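Student: What follows is input.pdb; its format and atoms are PDB, C-alpha atoms.
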ATOM      1  CA  MET N  24      -5.077 -21.377 312.436
ATOM      2  CA  SER N  25      -5.331 -20.371 308.757
ATOM      3  CA  MET N  26      -5.006 -23.053 306.113
ATOM      4  CA  GLN N  27      -2.188 -23.018 303.568
ATOM      5  CA  PRO N  28      -3.505 -21.883 300.141
ATOM      6  CA  PHE N  29      -3.691 -24.572 297.479
ATOM      7  CA  ILE N  30      -4.058 -22.718 294.164
ATOM      8  CA  VAL N  31      -5.411 -24.449 291.072
ATOM      9  CA  GLY N  32      -6.094 -23.176 287.545
ATOM     10  CA  ILE N  33      -9.659 -23.737 286.344
ATOM     11  CA  ARG N  34     -10.942 -23.449 282.775
ATOM     12  CA  PHE N  35     -14.649 -22.956 282.025
ATOM     13  CA  ALA N  36     -14.453 -23.461 278.242
ATOM     14  CA  GLU N  37     -12.643 -26.045 276.152
ATOM     15  CA  VAL N  38     -10.176 -23.445 274.846
ATOM     16  CA  GLY N  39     -10.629 -20.678 277.381
ATOM     17  CA  LYS N  40      -8.676 -18.551 279.792
ATOM     18  CA  ILE N  41      -7.471 -20.143 283.021
ATOM     19  CA  TYR N  42      -8.574 -18.580 286.310
ATOM     20  CA  HIS N  43      -6.964 -19.272 289.680
ATOM     21  CA  PHE N  44      -8.910 -20.418 292.749
ATOM     22  CA  ASP N  45      -7.998 -21.623 296.219
ATOM     23  CA  ALA N  46      -8.748 -25.338 296.665
ATOM     24  CA  ALA N  47      -7.515 -25.627 300.246
ATOM     25  CA  LEU N  48     -10.830 -27.239 301.241
ATOM     26  CA  ILE N  49     -10.236 -30.046 298.711
ATOM     27  CA  PRO N  50      -6.522 -30.951 299.078
ATOM     28  CA  GLU N  51      -6.868 -34.221 297.131
ATOM     29  CA  ILE N  52      -7.996 -32.453 293.948
ATOM     30  CA  LYS N  53      -6.085 -33.213 290.739
ATOM     31  CA  VAL N  54      -5.924 -32.116 287.103
ATOM     32  CA  GLY N  55      -9.001 -33.173 285.146
ATOM     33  CA  ASP N  56     -11.453 -32.965 288.039
ATOM     34  CA  HIS N  57     -14.611 -30.888 287.706
ATOM     35  CA  VAL N  58     -15.448 -28.420 290.472
ATOM     36  CA  ILE N  59     -18.078 -25.826 291.387
ATOM     37  CA  VAL N  60     -16.846 -22.259 292.002
ATOM     38  CA  GLU N  61     -18.455 -18.866 292.571
ATOM     39  CA  THR N  62     -17.623 -16.292 289.866
ATOM     40  CA  SER N  63     -18.757 -12.791 288.924
ATOM     41  CA  ARG N  64     -21.371 -14.465 286.669
ATOM     42  CA  GLY N  65     -22.731 -16.773 289.342
ATOM     43  CA  ARG N  66     -21.865 -20.341 290.243
ATOM     44  CA  GLN N  67     -20.065 -22.101 287.402
ATOM     45  CA  LEU N  68     -18.789 -25.580 286.693
ATOM     46  CA  GLY N  69     -15.171 -25.753 285.540
ATOM     47  CA  GLU N  70     -12.361 -28.202 284.941
ATOM     48  CA  VAL N  71      -9.055 -28.160 286.811
ATOM     49  CA  ALA N  72      -6.386 -27.493 284.192
ATOM     50  CA  GLN N  73      -3.258 -27.029 286.334
ATOM     51  CA  LEU N  74      -1.831 -26.988 289.828
ATOM     52  CA  VAL N  75      -0.066 -23.698 290.510
ATOM     53  CA  GLU N  76       3.182 -23.632 292.506
ATOM     54  CA  ASP N  77       4.390 -20.475 294.288
ATOM     55  CA  PRO N  78       1.617 -18.209 292.974
ATOM     56  CA  SER N  79       1.593 -14.457 293.522
ATOM     57  CA  PRO N  80      -1.650 -13.463 295.279
ATOM     58  CA  PRO N  81      -3.874 -10.858 293.586
ATOM     59  CA  PRO N  82      -4.809  -7.688 295.505
ATOM     60  CA  GLU N  83      -8.379  -8.873 296.074
ATOM     61  CA  GLY N  84      -7.286 -12.389 297.082
ATOM     62  CA  TRP N  85      -8.366 -15.773 295.735
ATOM     63  CA  LYS N  86     -11.895 -17.129 295.622
ATOM     64  CA  SER N  87     -12.381 -20.589 297.051
ATOM     65  CA  VAL N  88     -13.498 -23.747 295.323
ATOM     66  CA  GLU N  89     -16.848 -24.697 296.809
ATOM     67  CA  ARG N  90     -16.891 -28.421 296.144
ATOM     68  CA  ARG N  91     -16.162 -31.161 293.682
ATOM     69  CA  ALA N  92     -18.781 -31.552 290.925
ATOM     70  CA  THR N  93     -21.045 -34.585 291.213
ATOM     71  CA  PRO N  94     -22.246 -36.754 288.319
ATOM     72  CA  ARG N  95     -25.646 -35.053 288.681
ATOM     73  CA  ASP N  96     -23.985 -31.650 288.107
ATOM     74  CA  LEU N  97     -22.371 -32.909 284.905
ATOM     75  CA  VAL N  98     -25.633 -34.284 283.571
ATOM     76  CA  LEU N  99     -27.421 -31.069 284.504
ATOM     77  CA  ARG N 100     -24.917 -28.984 282.577
ATOM     78  CA  LYS N 101     -25.294 -31.183 279.485
ATOM     79  CA  THR N 102     -29.050 -30.739 279.647
ATOM     80  CA  TRP N 103     -28.869 -26.946 279.705
ATOM     81  CA  GLN N 104     -26.179 -26.855 277.006
ATOM     82  CA  GLN N 105     -28.577 -28.562 274.618
ATOM     83  CA  LYS N 106     -30.991 -25.620 275.032
ATOM     84  CA  GLU N 107     -28.425 -22.923 274.236
ATOM     85  CA  VAL N 108     -28.817 -23.091 270.429
ATOM     86  CA  ALA N 109     -32.584 -22.666 270.617
ATOM     87  CA  ALA N 110     -32.189 -19.688 272.957
ATOM     88  CA  MET N 111     -29.712 -18.056 270.578
ATOM     89  CA  VAL N 112     -32.088 -18.495 267.614
ATOM     90  CA  ASP N 113     -34.957 -16.909 269.560
ATOM     91  CA  CYS N 114     -32.767 -13.953 270.514
ATOM     92  CA  ARG N 115     -31.635 -13.407 266.918
ATOM     93  CA  GLU N 116     -35.210 -13.503 265.707
ATOM     94  CA  ARG N 117     -36.347 -10.945 268.278
ATOM     95  CA  ALA N 118     -33.379  -8.660 267.493
ATOM     96  CA  ALA N 119     -34.395  -8.704 263.808
ATOM     97  CA  GLN N 120     -37.978  -7.805 264.741
ATOM     98  CA  LEU N 121     -36.733  -4.850 266.800
ATOM     99  CA  ARG N 122     -34.551  -3.795 263.840
ATOM    100  CA  LEU N 123     -31.372  -3.634 265.878
ATOM    101  CA  SER N 124     -28.920  -3.012 263.041
ATOM    102  CA  GLY N 125     -25.270  -3.783 263.579
ATOM    103  CA  ILE N 126     -25.986  -6.301 266.356
ATOM    104  CA  LYS N 127     -24.881  -9.890 265.944
ATOM    105  CA  ILE N 128     -25.916 -12.490 268.523
ATOM    106  CA  VAL N 129     -22.916 -14.802 268.603
ATOM    107  CA  ALA N 130     -23.905 -17.372 271.221
ATOM    108  CA  SER N 131     -25.842 -18.026 274.388
ATOM    109  CA  GLU N 132     -24.601 -19.671 277.594
ATOM    110  CA  TYR N 133     -26.538 -21.276 280.436
ATOM    111  CA  SER N 134     -24.979 -21.739 283.829
ATOM    112  CA  PHE N 135     -24.554 -25.356 284.818
ATOM    113  CA  ASP N 136     -27.802 -25.302 286.873
ATOM    114  CA  GLY N 137     -29.819 -23.095 284.488
ATOM    115  CA  THR N 138     -30.184 -20.158 286.885
ATOM    116  CA  ARG N 139     -28.436 -17.721 284.490
ATOM    117  CA  LEU N 140     -28.690 -17.237 280.727
ATOM    118  CA  THR N 141     -26.143 -14.988 279.034
ATOM    119  CA  PHE N 142     -26.502 -13.804 275.449
ATOM    120  CA  ILE N 143     -23.155 -12.932 273.861
ATOM    121  CA  TYR N 144     -23.199 -10.355 271.076
ATOM    122  CA  SER N 145     -20.835  -8.197 269.023
ATOM    123  CA  THR N 146     -21.326  -4.888 267.223
ATOM    124  CA  GLU N 147     -19.864  -3.463 264.043
ATOM    125  CA  SER N 148     -19.731   0.103 265.385
ATOM    126  CA  GLU N 149     -17.991   1.404 268.474
ATOM    127  CA  ASP N 150     -21.095   3.295 269.635
ATOM    128  CA  LYS N 151     -22.982   1.935 272.614
ATOM    129  CA  VAL N 152     -26.186   0.133 271.656
ATOM    130  CA  ASP N 153     -29.344   0.156 273.784
ATOM    131  CA  LEU N 154     -30.488  -3.437 274.294
ATOM    132  CA  LYS N 155     -32.850  -2.911 277.198
ATOM    133  CA  SER N 156     -35.931  -3.867 275.158
ATOM    134  CA  LEU N 157     -34.258  -7.013 273.828
ATOM    135  CA  ARG N 158     -33.109  -8.091 277.278
ATOM    136  CA  HIS N 159     -36.568  -7.370 278.699
ATOM    137  CA  ASP N 160     -38.248  -9.557 276.072
ATOM    138  CA  MET N 161     -35.761 -12.367 276.627
ATOM    139  CA  GLN N 162     -36.267 -12.149 280.386
ATOM    140  CA  LYS N 163     -39.993 -12.699 279.936
ATOM    141  CA  LYS N 164     -39.449 -15.651 277.635
ATOM    142  CA  PHE N 165     -36.779 -17.494 279.681
ATOM    143  CA  THR N 166     -37.990 -16.857 283.226
ATOM    144  CA  PRO N 167     -37.012 -17.983 285.888
ATOM    145  CA  ALA N 168     -33.422 -17.788 284.546
ATOM    146  CA  LYS N 169     -31.740 -14.419 284.978
ATOM    147  CA  VAL N 170     -30.965 -13.028 281.499
ATOM    148  CA  GLU N 171     -27.828 -10.975 280.832
ATOM    149  CA  MET N 172     -26.347  -9.386 277.696
ATOM    150  CA  ARG N 173     -22.558  -9.460 277.306
ATOM    151  CA  GLN N 174     -20.630  -7.711 274.540
ATOM    152  CA  ILE N 175     -17.385  -9.135 273.141
ATOM    153  CA  GLY N 176     -14.832  -7.972 270.579
ATOM    154  CA  PRO N 177     -14.383  -9.233 267.014
ATOM    155  CA  ARG N 178     -11.550 -11.597 267.973
ATOM    156  CA  ASP N 179     -13.594 -13.240 270.720
ATOM    157  CA  ALA N 180     -16.498 -13.563 268.292
ATOM    158  CA  ALA N 181     -14.282 -15.308 265.739
ATOM    159  CA  LYS N 182     -13.003 -17.610 268.506
ATOM    160  CA  ILE N 183     -16.551 -18.721 269.324
ATOM    161  CA  LEU N 184     -17.726 -19.089 265.714
ATOM    162  CA  GLY N 185     -14.582 -20.901 264.528
ATOM    163  CA  GLY N 186     -14.111 -21.682 260.863
ATOM    164  CA  LEU N 187     -11.378 -22.092 258.275
ATOM    165  CA  GLY N 188      -8.158 -20.216 258.952
ATOM    166  CA  ALA N 189      -6.601 -17.833 256.439
ATOM    167  CA  CYS N 190      -3.538 -20.112 256.241
ATOM    168  CA  GLY N 191      -5.668 -23.090 255.168
ATOM    169  CA  LEU N 192      -5.992 -24.907 258.507
ATOM    170  CA  GLU N 193      -9.403 -26.353 259.240
ATOM    171  CA  THR N 194      -9.623 -24.513 262.567
ATOM    172  CA  ARG N 195      -8.408 -21.039 263.437
ATOM    173  CA  CYS N 196      -5.619 -20.592 265.960
ATOM    174  CA  CYS N 197      -7.927 -18.758 268.362
ATOM    175  CA  SER N 198     -10.329 -21.712 268.366
ATOM    176  CA  ARG N 199      -7.612 -24.359 268.641
ATOM    177  CA  PHE N 200      -5.155 -23.269 271.352
ATOM    178  CA  LEU N 201      -5.104 -19.506 272.010
ATOM    179  CA  THR N 202      -6.438 -18.774 275.483
ATOM    180  CA  GLU N 203      -5.577 -15.042 275.454
ATOM    181  CA  PHE N 204      -5.102 -12.474 272.694
ATOM    182  CA  SER N 205      -1.785 -10.602 272.508
ATOM    183  CA  PRO N 206      -1.547  -7.043 271.145
ATOM    184  CA  ILE N 207      -0.562  -7.086 267.456
ATOM    185  CA  SER N 208       0.971  -4.127 265.577
ATOM    186  CA  ILE N 209       1.856  -3.398 261.962
ATOM    187  CA  LYS N 210       5.516  -3.224 263.025
ATOM    188  CA  MET N 211       5.548  -6.998 263.457
ATOM    189  CA  ALA N 212       4.639  -7.500 259.807
ATOM    190  CA  LYS N 213       7.305  -5.023 258.646
ATOM    191  CA  GLU N 214       9.997  -6.689 260.769
ATOM    192  CA  GLN N 215       9.272 -10.065 259.144
ATOM    193  CA  GLY N 216       9.164  -8.671 255.601
ATOM    194  CA  ILE N 217       5.484  -9.582 255.111
ATOM    195  CA  SER N 218       3.472  -7.765 252.488
ATOM    196  CA  LEU N 219       1.360  -5.004 254.016
ATOM    197  CA  THR N 220      -1.586  -5.743 251.742
ATOM    198  CA  PRO N 221      -4.698  -5.879 253.973
ATOM    199  CA  SER N 222      -5.706  -9.283 252.657
ATOM    200  CA  GLU N 223      -2.275 -10.679 253.569
ATOM    201  CA  ILE N 224      -2.122  -9.514 257.192
ATOM    202  CA  THR N 225      -5.810  -9.381 258.167
ATOM    203  CA  GLY N 226      -7.587 -12.350 259.692
ATOM    204  CA  MET N 227     -11.181 -13.503 259.314
ATOM    205  CA  CYS N 228     -12.139 -11.315 262.281
ATOM    206  CA  GLY N 229     -11.082  -8.145 260.447
ATOM    207  CA  ARG N 230      -8.111  -7.530 262.749
ATOM    208  CA  LEU N 231      -4.400  -8.180 262.302
ATOM    209  CA  ARG N 232      -3.612 -11.876 262.346
ATOM    210  CA  CYS N 233      -2.599 -13.370 265.679
ATOM    211  CA  CYS N 234       0.143 -15.398 263.988
ATOM    212  CA  LEU N 235       2.155 -12.223 263.285
ATOM    213  CA  ILE N 236       3.535 -12.424 266.817
ATOM    214  CA  TYR N 237       4.635 -16.077 266.661
ATOM    215  CA  GLU N 238       8.088 -15.460 265.082
ATOM    216  CA  TYR N 239       8.420 -11.725 265.685
ATOM    217  CA  GLU N 240      10.992 -12.011 268.501
ATOM    218  CA  GLN N 241      13.227 -14.322 266.449
ATOM    219  CA  TYR N 242      13.151 -11.947 263.468
ATOM    220  CA  ALA N 243      13.849  -8.912 265.653
ATOM    221  CA  ALA N 244      16.817 -10.600 267.358
ATOM    222  CA  ALA N 245      18.275 -11.770 264.028
ATOM    223  CA  ARG N 246      17.956  -8.354 262.358
ATOM    224  CA  LYS N 247      19.972  -6.759 265.164
ATOM    225  CA  GLU N 248      22.964  -8.854 264.066
ATOM    226  CA  LEU N 249      22.540  -8.138 260.348
ATOM    227  CA  PRO N 250      23.405  -4.875 258.550
ATOM    228  CA  LYS N 251      20.490  -2.697 257.485
ATOM    229  CA  ARG N 252      19.486  -1.981 253.896
ATOM    230  CA  LYS N 253      21.520   0.556 251.881
ATOM    231  CA  LYS N 254      24.415   0.192 254.329
ATOM    232  CA  ARG N 255      27.953  -0.017 252.893
ATOM    233  CA  VAL N 256      29.806  -3.226 253.718
ATOM    234  CA  VAL N 257      33.068  -4.895 252.789
ATOM    235  CA  THR N 258      32.813  -8.443 251.410
ATOM    236  CA  PRO N 259      35.437 -10.963 250.275
ATOM    237  CA  SER N 260      34.586  -9.881 246.705
ATOM    238  CA  GLY N 261      34.906  -6.158 247.379
ATOM    239  CA  GLU N 262      32.826  -3.301 248.701
ATOM    240  CA  GLY N 263      29.100  -3.003 248.099
ATOM    241  CA  LYS N 264      25.678  -1.915 249.340
ATOM    242  CA  VAL N 265      23.193  -4.101 251.220
ATOM    243  CA  LEU N 266      20.024  -4.811 249.235
ATOM    244  CA  ASP N 267      18.218  -7.139 251.608
ATOM    245  CA  ALA N 268      18.757  -9.208 254.744
ATOM    246  CA  MET N 269      17.432 -12.739 255.284
ATOM    247  CA  PRO N 270      17.117 -13.304 259.050
ATOM    248  CA  LEU N 271      16.172 -16.989 258.889
ATOM    249  CA  THR N 272      19.364 -17.960 257.041
ATOM    250  CA  MET N 273      21.511 -15.117 258.496
ATOM    251  CA  ARG N 274      22.592 -14.157 254.971
ATOM    252  CA  VAL N 275      22.737 -10.768 253.238
ATOM    253  CA  ARG N 276      22.209  -9.872 249.568
ATOM    254  CA  VAL N 277      24.813  -7.287 248.510
ATOM    255  CA  GLU N 278      25.160  -5.248 245.322
ATOM    256  CA  LEU N 279      28.873  -4.937 244.642
ATOM    257  CA  ASP N 280      30.464  -1.840 243.138
ATOM    258  CA  ASP N 281      30.989  -3.673 239.841
ATOM    259  CA  GLY N 282      27.192  -4.082 239.459
ATOM    260  CA  THR N 283      26.909  -7.768 240.357
ATOM    261  CA  THR N 284      24.684  -9.077 243.160
ATOM    262  CA  ARG N 285      25.772 -11.835 245.499
ATOM    263  CA  GLU N 286      24.764 -13.335 248.837
ATOM    264  CA  PHE N 287      27.132 -13.582 251.786
ATOM    265  CA  ASP N 288      26.998 -14.991 255.295
ATOM    266  CA  ARG N 289      26.982 -12.586 258.202
ATOM    267  CA  ASP N 290      30.488 -13.656 259.301
ATOM    268  CA  GLU N 291      31.928 -12.756 255.874
ATOM    269  CA  LEU N 292      30.938  -9.078 256.084
ATOM    270  CA  GLU N 293      32.694  -6.140 257.677
ATOM    271  CA  PRO N 294      31.151  -2.684 258.172
ATOM    272  CA  TRP N 295      32.549  -0.189 255.688
ATOM    273  CA  ASP N 296      32.226   2.831 257.994
ATOM    274  CA  GLU N 297      34.401   1.259 260.694
ATOM    275  CA  LEU N 298      37.135   0.376 258.202
ATOM    276  CA  GLU N 299      36.930   3.862 256.726
ATOM    277  CA  ALA N 300      37.290   5.378 260.187
ATOM    278  CA  LEU N 301      40.402   3.263 260.847
ATOM    279  CA  ARG N 302      41.821   4.242 257.437
ATOM    280  CA  ARG N 303      41.394   7.941 258.159
ATOM    281  CA  LYS N 304      42.877   7.616 261.603
ATOM    282  CA  SER N 305      45.971   5.914 260.191
ATOM    283  CA  GLN N 306      46.549   8.888 257.870
ATOM    284  CA  GLN N 307      46.513  11.442 260.660
ATOM    285  CA  PRO N 308      49.903  12.589 262.138
ATOM    286  CA  CYS N 309      50.924  10.984 265.352
ATOM    287  CA  ASP N 310      50.830  13.376 268.299
ATOM    288  CA  ASN N 311      53.333  11.318 270.298
ATOM    289  CA  CYS N 312      55.994  11.668 267.614
ATOM    290  CA  GLN N 313      56.607  15.398 268.310
ATOM    291  CA  GLU N 314      59.667  16.154 270.462
ATOM    292  CA  LYS N 315      58.787  17.553 273.809
ATOM    293  CA  LYS N 316      60.942  20.061 275.639
ATOM    294  CA  PRO N 317      62.556  18.760 278.818
ATOM    295  CA  GLU N 318      60.791  19.952 281.874
ATOM    296  CA  GLU N 319      62.759  22.121 284.313
ATOM    297  CA  PRO N 320      63.416  20.491 287.642
ATOM    298  CA  LYS N 321      61.204  21.688 290.397
ATOM    299  CA  VAL N 322      62.869  23.148 293.473
ATOM    300  CA  GLU N 323      61.415  21.880 296.648
ATOM    301  CA  PHE N 324      61.832  23.764 299.854
ATOM    302  CA  GLN N 325      62.252  21.721 302.963
ATOM    303  CA  ALA N 326      61.589  22.995 306.454
ATOM    304  CA  GLU N 327      64.431  22.952 308.958
ATOM    305  CA  THR N 328      64.515  19.987 311.182
ATOM    306  CA  PRO N 329      65.061  20.325 314.918
ATOM    307  CA  ALA N 330      68.581  18.891 314.466
ATOM    308  CA  GLN N 331      69.532  21.597 311.964
ATOM    309  CA  LYS N 332      68.189  24.378 314.118
ATOM    310  CA  ALA N 333      70.747  25.608 316.726
ATOM    311  CA  PRO N 334      69.637  25.609 320.357
ATOM    312  CA  ALA N 335      68.751  28.924 321.854
ATOM    313  CA  ALA N 336      71.568  28.722 324.490
ATOM    314  CA  GLU N 337      74.311  28.476 321.843
ATOM    315  CA  GLN N 338      73.114  31.471 319.845
ATOM    316  CA  PRO N 339      74.936  34.779 320.566
ATOM    317  CA  VAL N 340      72.963  37.265 322.596
ATOM    318  CA  ARG N 341      72.789  40.729 321.159
ATOM    319  CA  ARG N 342      72.558  43.557 323.597
ATOM    320  CA  ARG N 343      69.996  46.093 322.819
ATOM    321  CA  ARG N 344      71.121  49.632 323.050
ATOM    322  CA  GLY N 345      68.811  51.798 325.031
ATOM    323  CA  ASN N 346      68.606  55.560 325.652
ATOM    324  CA  ARG N 347      68.212  55.212 329.415
ATOM    325  CA  HIS N 348      71.953  56.024 330.448
ATOM    326  CA  ARG N 349      72.746  58.156 327.471
ATOM    327  CA  ARG N 350      74.338  61.478 328.468
ATOM    328  CA  PRO N 351      72.736  64.587 327.162
ATOM    329  CA  ARG N 352      74.750  66.620 324.822
ATOM    330  CA  SER N 353      76.081  69.944 326.081
ATOM    331  CA  GLY N 354      74.767  73.020 324.596
TER
END
Write out the structure in this file as structure tokens.
Tutor:
Amino acid sequence: MSMQPFIVGIRFAEVGKIYHFDAALIPEIKVGDHVIVETSRGRQLGEVAQLVEDPSPPPEGWKSVERRATPRDLVLRKTWQQKEVAAMVDCRERAAQLRLSGIKIVASEYSFDGTRLTFIYSTESEDKVDLKSLRHDMQKKFTPAKVEMRQIGPRDAAKILGGLGACGLETRCCSRFLTEFSPISIKMAKEQGISLTPSEITGMCGRLRCCLIYEYEQYAAARKELPKRKKRVVTPSGEGKVLDAMPLTMRVRVELDDGTTREFDRDELEPWDELEALRRKSQQPCDNCQEKKPEEPKVEFQAETPAQKAPAAEQPVRRRRGNRHRRPRSG
């Protein structure tokens, strides 16, 4: 008999993505517990962040939680974490000796038991970089741990490095609470009326700021209810042209025909084109006012009913004249 899946969300970093695992073997598990699971990068130690209800299973299925972490596992992980900075410094030094330009070693990560060492790096160019010699040298230095090189994007690199945010906060959003990066487009900045100057919309990672998506949906929904720029509207003070819309206050700045500029609420405006269409329609002649000729009555032909039709016995019989007994004429 198969066991009922018990899905939990596990996080491997303090502000990292949550991955789902099946904890059916440990039904008494709760949020905050540390567990050992098998991942694509070996056995890892993670923290239970959530209990998932009614999950949708992935095509490949869920991996199982092996066991609950012991105090020895936690101490072991702390021990290897203290060696990560020294390993990163050694890797950076060797990369400089090999003259690997454009390569930046961001961090290094040991598995909780020290069997794997992963060096995380980023590149300035999109071309693939050959790091076989660097990995080979690091493998010799940190044996018996298995050394791997993993490339990340500029946003993930900024998340690991941290630092002061462009808005003035002491910690960037990606390092504080963002577990996943959403796609950001220049359209989001235009919709919110933000200056398109690169320094205004670009983050410390060199990409568009993640905060551009925070209020984008609210701005987009509000602008759908407000008239667009250069559109003619009718206000309580007369007709005018829309100069700008302010979605947060649901107000519109209008330049009236007399040259003055005023602000009005959305409920005070009426679209000029709709009123103009009604005005033109009222000036057109009414088609229903023309006198119509009376229609001629239609004559319907009804079939004779059996009562109207005379029976065959009452109808007079006509004798047919034949030539059988006709006398021949004399010559």
Student: Please list as an MDAnalysis selection string every residue within 7 Å of Pro177 in chain N, counting only C-alpha atoms and excluding residues in the same chain fewer than 3 positions away.
Tutor: chainID N and resid 145 180:181 228
Student: Excluding Ile217 in chain N and residues on its chain fewer than 5 positions from it, collect all residues at most 12 Å away from it, counting all atoms listed in the file, and give them as a PDB file with C-alpha atoms, in the coordinates of the input.
Tutor:
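Final file, out_15.pdb:
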ATOM      1  CA  ILE N 209       1.856  -3.398 261.962  1.00  0.00           C
ATOM      2  CA  LYS N 210       5.516  -3.224 263.025  1.00  0.00           C
ATOM      3  CA  MET N 211       5.548  -6.998 263.457  1.00  0.00           C
ATOM      4  CA  ALA N 212       4.639  -7.500 259.807  1.00  0.00           C
ATOM      5  CA  SER N 222      -5.706  -9.283 252.657  1.00  0.00           C
ATOM      6  CA  GLU N 223      -2.275 -10.679 253.569  1.00  0.00           C
ATOM      7  CA  ILE N 224      -2.122  -9.514 257.192  1.00  0.00           C
ATOM      8  CA  THR N 225      -5.810  -9.381 258.167  1.00  0.00           C
ATOM      9  CA  ARG N 232      -3.612 -11.876 262.346  1.00  0.00           C
ATOM     10  CA  CYS N 234       0.143 -15.398 263.988  1.00  0.00           C
ATOM     11  CA  LEU N 235       2.155 -12.223 263.285  1.00  0.00           C
ATOM     12  CA  GLU N 238       8.088 -15.460 265.082  1.00  0.00           C
ATOM     13  CA  TYR N 239       8.420 -11.725 265.685  1.00  0.00           C
ATOM     14  CA  TYR N 242      13.151 -11.947 263.468  1.00  0.00           C
TER      15      TYR N 242
END
Student: Residues near Leu292 in chain N, anyone? I mean within 9 Å using only C-alpha atoms, not counting same-chain ones fewer than 4 positions away, as a list in words.
Tutor: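 Contacts, in chain order: Pro250, Val256, Val257, Thr258, Pro259, Val275, Phe287 and Asp288 of chain N.
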Student: Distance CA of Asp45 in chain N-CA of Arg64 in chain N, one decimal place?
Tutor: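 So the two atoms, CA of Asp45 in chain N and CA of Arg64 in chain N, lie 17.9 Å apart.
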Student: Which one is closest to Phe135 in chain N: N:Thr102, N:Gln241, N:Ser260, N:Ser218? Count only C-alpha atoms.
Tutor: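 Of N:Thr102, N:Gln241, N:Ser260, N:Ser218, the one nearest Phe135 in chain N is N:Thr102, counting only C-alpha atoms.
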Student: Here's the selection I'm unsure about, the PyMOL selection byres ((chain N and resi 74) around 10); applied to the file above, which residues does it give, as number ranges by chain?
Tutor: N: 29-33, 43, 46, 52-54, 71-73, 75-76, 78
Student: Could you check how far CA of Val88 in chain N sits from CA of Glu37 in chain N, in Å to one decimal?
Tutor: 19.3 Å
Student: Run the PyMOL selection byres ((chain N and resi 173-175) around 10) mentally over the shown coordinates, then write out the matched residues as a PyMOL selection string, using the chain letters and numbers from the document.
Tutor: chain N and resi 126-129+131+141-146+171-172+176-180
Student: Env of Arg255 in chain N: 12 Å cut, atoms = all atoms listed in the file, seq-sep filter 2 positions within chain, self excluded. Answer as a PDB file with C-alpha atoms, keeping the file's coordinate frame.
Tutor:
ATOM      1  CA  PRO N 250      23.405  -4.875 258.550  1.00  0.00           C
ATOM      2  CA  LYS N 251      20.490  -2.697 257.485  1.00  0.00           C
ATOM      3  CA  ARG N 252      19.486  -1.981 253.896  1.00  0.00           C
ATOM      4  CA  LYS N 253      21.520   0.556 251.881  1.00  0.00           C
ATOM      5  CA  VAL N 257      33.068  -4.895 252.789  1.00  0.00           C
ATOM      6  CA  THR N 258      32.813  -8.443 251.410  1.00  0.00           C
ATOM      7  CA  GLY N 261      34.906  -6.158 247.379  1.00  0.00           C
ATOM      8  CA  GLU N 262      32.826  -3.301 248.701  1.00  0.00           C
ATOM      9  CA  GLY N 263      29.100  -3.003 248.099  1.00  0.00           C
ATOM     10  CA  LYS N 264      25.678  -1.915 249.340  1.00  0.00           C
ATOM     11  CA  VAL N 265      23.193  -4.101 251.220  1.00  0.00           C
ATOM     12  CA  LEU N 266      20.024  -4.811 249.235  1.00  0.00           C
ATOM     13  CA  VAL N 275      22.737 -10.768 253.238  1.00  0.00           C
ATOM     14  CA  ARG N 276      22.209  -9.872 249.568  1.00  0.00           C
ATOM     15  CA  VAL N 277      24.813  -7.287 248.510  1.00  0.00           C
ATOM     16  CA  GLU N 278      25.160  -5.248 245.322  1.00  0.00           C
ATOM     17  CA  LEU N 279      28.873  -4.937 244.642  1.00  0.00           C
ATOM     18  CA  ASP N 280      30.464  -1.840 243.138  1.00  0.00           C
ATOM     19  CA  LEU N 292      30.938  -9.078 256.084  1.00  0.00           C
ATOM     20  CA  GLU N 293      32.694  -6.140 257.677  1.00  0.00           C
ATOM     21  CA  PRO N 294      31.151  -2.684 258.172  1.00  0.00           C
ATOM     22  CA  TRP N 295      32.549  -0.189 255.688  1.00  0.00           C
ATOM     23  CA  ASP N 296      32.226   2.831 257.994  1.00  0.00           C
ATOM     24  CA  GLU N 297      34.401   1.259 260.694  1.00  0.00           C
ATOM     25  CA  LEU N 298      37.135   0.376 258.202  1.00  0.00           C
ATOM     26  CA  GLU N 299      36.930   3.862 256.726  1.00  0.00           C
TER      27      GLU N 299
END
Student: Just want the 12 Å neighbourhood of Leu187 in chain N, counted on all atoms listed in the file, with same-chain residues fewer than 3 positions away dropped. Output as a list of chain:residue names.
Tutor: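 Non-adjacent residues within range: N:Ala181, N:Lys182, N:Leu184, N:Cys190, N:Gly191, N:Leu192, N:Glu193, N:Thr194, N:Arg195, N:Cys196, N:Cys197, N:Ser198, N:Arg199, N:Gly226, N:Met227, N:Cys228.
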Student: Taking the file as shown, find all residues satisfying the PyMOL selection byres ((chain N and resi 100) around 9) and write them as a list in words.
Tutor: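 With the shown file as input, the PyMOL selection byres ((chain N and resi 100) around 9) matches Leu68, Arg95, Asp96, Leu97, Val98, Leu99, Lys101, Thr102, Trp103, Gln104, Gln105, Tyr133, Ser134, Phe135, Asp136 and Gly137 of chain N.
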